[in-house]
file run_36.csv (CSV, C-alpha atoms)
chain,number,residue,atom,x,y,z
A,1,GLU,CA,19.5,4.1,18.0
A,2,GLU,CA,15.9,3.4,17.0
A,3,SER,CA,15.3,1.1,14.1
A,4,LYS,CA,13.8,2.8,11.0
A,5,PHE,CA,11.8,-0.4,10.3
A,6,SER,CA,8.3,-0.6,11.6
A,7,GLY,CA,6.3,-3.7,12.1
A,8,SER,CA,3.2,-4.7,14.0
A,9,LYS,CA,3.6,-4.1,17.7
A,10,GLU,CA,0.6,-6.4,18.3
A,11,LEU,CA,1.3,-10.0,19.0
A,12,ILE,CA,-0.8,-12.1,16.6
A,13,GLY,CA,-0.4,-15.3,18.4
A,14,GLN,CA,1.9,-17.3,20.7
A,15,TRP,CA,5.0,-19.2,19.5
A,16,HIS,CA,4.5,-23.0,19.7
A,17,PRO,CA,7.5,-25.3,19.7
A,18,PRO,CA,7.9,-28.0,17.0
A,19,GLU,CA,7.6,-31.7,17.9
A,20,GLN,CA,10.4,-33.2,19.8
A,21,GLY,CA,13.6,-33.6,17.7
A,22,LEU,CA,12.5,-31.1,15.1
A,23,LEU,CA,13.5,-27.5,14.3
A,24,LYS,CA,11.1,-24.7,13.6
A,25,ILE,CA,11.9,-21.8,11.2
A,26,ASN,CA,10.1,-18.5,11.7
A,27,VAL,CA,10.5,-15.5,9.4
A,28,ASP,CA,9.4,-11.9,9.3
A,29,ALA,CA,9.8,-8.9,7.1
A,30,ALA,CA,9.6,-5.1,7.8
A,31,ARG,CA,9.6,-2.4,5.2
A,32,THR,CA,10.3,1.3,4.8
A,33,PRO,CA,9.8,3.2,1.6
A,34,GLU,CA,13.5,2.6,0.8
A,35,GLU,CA,14.1,-1.0,1.7
A,36,VAL,CA,13.0,-4.3,3.3
A,37,GLY,CA,14.5,-6.1,6.2
A,38,ILE,CA,14.0,-9.8,6.7
A,39,GLY,CA,14.7,-11.9,9.7
A,40,VAL,CA,14.9,-15.7,10.1
A,41,ILE,CA,15.2,-17.6,13.3
A,42,VAL,CA,15.5,-21.4,13.9
A,43,ARG,CA,14.6,-22.9,17.3
A,44,ASP,CA,14.6,-26.4,18.6
A,45,ASP,CA,11.7,-28.1,20.5
A,46,GLU,CA,12.8,-26.4,23.7
A,47,GLY,CA,12.8,-23.0,22.2
A,48,GLN,CA,16.6,-22.6,22.1
A,49,ILE,CA,17.9,-20.5,19.2
A,50,MET,CA,19.9,-22.7,16.9
A,51,ALA,CA,20.6,-20.2,14.1
A,52,ALA,CA,19.5,-16.8,13.0
A,53,PHE,CA,19.8,-14.7,9.8
A,54,GLU,CA,18.9,-11.1,8.8
A,55,GLU,CA,19.3,-9.3,5.5
A,56,ARG,CA,18.3,-5.9,4.1
A,57,ILE,CA,17.1,-6.0,0.5
A,58,GLY,CA,15.8,-3.5,-2.0
A,59,LYS,CA,12.2,-2.2,-2.3
A,60,THR,CA,9.3,-4.5,-2.8
A,61,SER,CA,5.8,-3.9,-4.2
A,62,SER,CA,3.9,-4.7,-1.1
A,63,ALA,CA,4.0,-5.9,2.5
A,64,GLU,CA,2.7,-9.3,1.4
A,65,PHE,CA,5.4,-9.7,-1.2
A,66,SER,CA,8.0,-8.8,1.4
A,67,GLU,CA,6.7,-11.6,3.7
A,68,ILE,CA,6.7,-14.1,0.8
A,69,LEU,CA,10.3,-13.1,0.0
A,70,ALA,CA,11.3,-13.6,3.7
A,71,VAL,CA,9.9,-17.2,3.5
A,72,ILE,CA,11.8,-18.0,0.3
A,73,LYS,CA,15.1,-16.4,1.5
A,74,GLY,CA,14.7,-18.1,4.9
A,75,LEU,CA,14.2,-21.6,3.3
A,76,GLU,CA,17.1,-21.0,0.9
A,77,TRP,CA,19.4,-19.9,3.8
A,78,ALA,CA,18.3,-22.9,5.9
A,79,LYS,CA,19.3,-25.3,3.1
A,80,GLU,CA,22.6,-23.5,2.6
A,81,VAL,CA,23.6,-24.0,6.2
A,82,GLY,CA,22.5,-27.6,6.2
A,83,ILE,CA,19.1,-27.5,7.9
A,84,ASP,CA,16.8,-30.2,6.6
A,85,VAL,CA,13.8,-28.3,5.3
A,86,ASP,CA,10.5,-30.3,5.2
A,87,SER,CA,7.2,-28.5,5.0
A,88,ARG,CA,5.1,-31.5,5.9
A,89,ASN,CA,5.1,-30.6,9.6

call {"tool": "encode", "arguments": {"input": "run_36.csv", "output": "structure tokens"}}
result
Amino acid sequence: EESKFSGSKELIGQWHPPEQGLLKINVDAARTPEEVGIGVIVRDDEGQIMAAFEERIGKTSSAEFSEILAVIKGLEWAKEVGIDVDSRN
């Protein structure tokens, strides 16, 4: 079944791992007129997936707000599952 969420099919950049011993959290959001889907992935310095999360939420006012919401929810989720969140790196 094809997803009803649409996002950019163009790659903006290449993923770069965090420094050795750290984790990196990446988030994304996709929206339809009815709802927004967010995804969060946590990888280690070797690119191994350590954890992942997805959630469908209600409508948002814009694509930008959807992305901001994905960041907020991603950080909240990371804290809930015990991932030390530090934005200095």

call {"tool": "residues_around", "arguments": {"input": "run_36.csv", "residues": "Ser61 (chain A)", "least_positions_apart": "6", "cutoff": "12 Å", "atoms": "only C-alpha atoms", "output": "list in words"}}
result
Arg31, Thr32, Pro33, Glu34, Glu35, Val36, Glu67, Ile68 and Leu69 of chain A

call {"tool": "atom_distance", "arguments": {"input": "run_36.csv", "atom1": "CA of Ile25 (chain A)", "atom2": "CA of Val40 (chain A)"}}
result
6.9 Å

call {"tool": "residues_around", "arguments": {"input": "run_36.csv", "residues": "Arg43 (chain A)", "least_positions_apart": "3", "cutoff": "6 Å", "atoms": "all atoms listed in the file", "output": "PyMOL selection string"}}
result
chain A and resi 23-24+47-50

call {"tool": "write_last_selection", "arguments": {"input": "run_36.csv", "atoms": "C-alpha atoms", "output": "short mmCIF file (atom, residue, chain, number, x, y, z; two decimals), in the coordinates of the input"}}
result
data_model
loop_
_atom_site.label_atom_id
_atom_site.label_comp_id
_atom_site.auth_asym_id
_atom_site.auth_seq_id
_atom_site.Cartn_x
_atom_site.Cartn_y
_atom_site.Cartn_z
CA LEU A 23 13.50 -27.50 14.30
CA LYS A 24 11.10 -24.70 13.60
CA GLY A 47 12.80 -23.00 22.20
CA GLN A 48 16.60 -22.60 22.10
CA ILE A 49 17.90 -20.50 19.20
CA MET A 50 19.90 -22.70 16.90
#

call {"tool": "atom_distance", "arguments": {"input": "run_36.csv", "atom1": "CA of Ile38 (chain A)", "atom2": "CA of Gly21 (chain A)"}}
result
26.2 Å

call {"tool": "atom_distance", "arguments": {"input": "run_36.csv", "atom1": "CA of Glu54 (chain A)", "atom2": "CA of Val42 (chain A)"}}
result
12.0 Å

call {"tool": "closest_residue", "arguments": {"input": "run_36.csv", "among": "A:Thr60, A:Gln20, A:Gln14, A:Val27", "to": "Leu75 (chain A)", "atoms": "all atoms listed in the file"}}
result
A:Val27

call {"tool": "residues_near_point", "arguments": {"input": "run_36.csv", "point": "(11.7, -14.5, 9.4)", "cutoff": "7 Å", "atoms": "all atoms listed in the file", "output": "list of chain:residue names"}}
result
A:Asn26, A:Val27, A:Asp28, A:Ala29, A:Ile38, A:Gly39, A:Val40, A:Ile41, A:Ala70, A:Val71, A:Gly74

call {"tool": "closest_residue", "arguments": {"input": "run_36.csv", "among": "A:Glu64, A:Glu55, A:Asp44, A:Glu76", "to": "His16 (chain A)", "atoms": "all atoms listed in the file"}}
result
A:Asp44
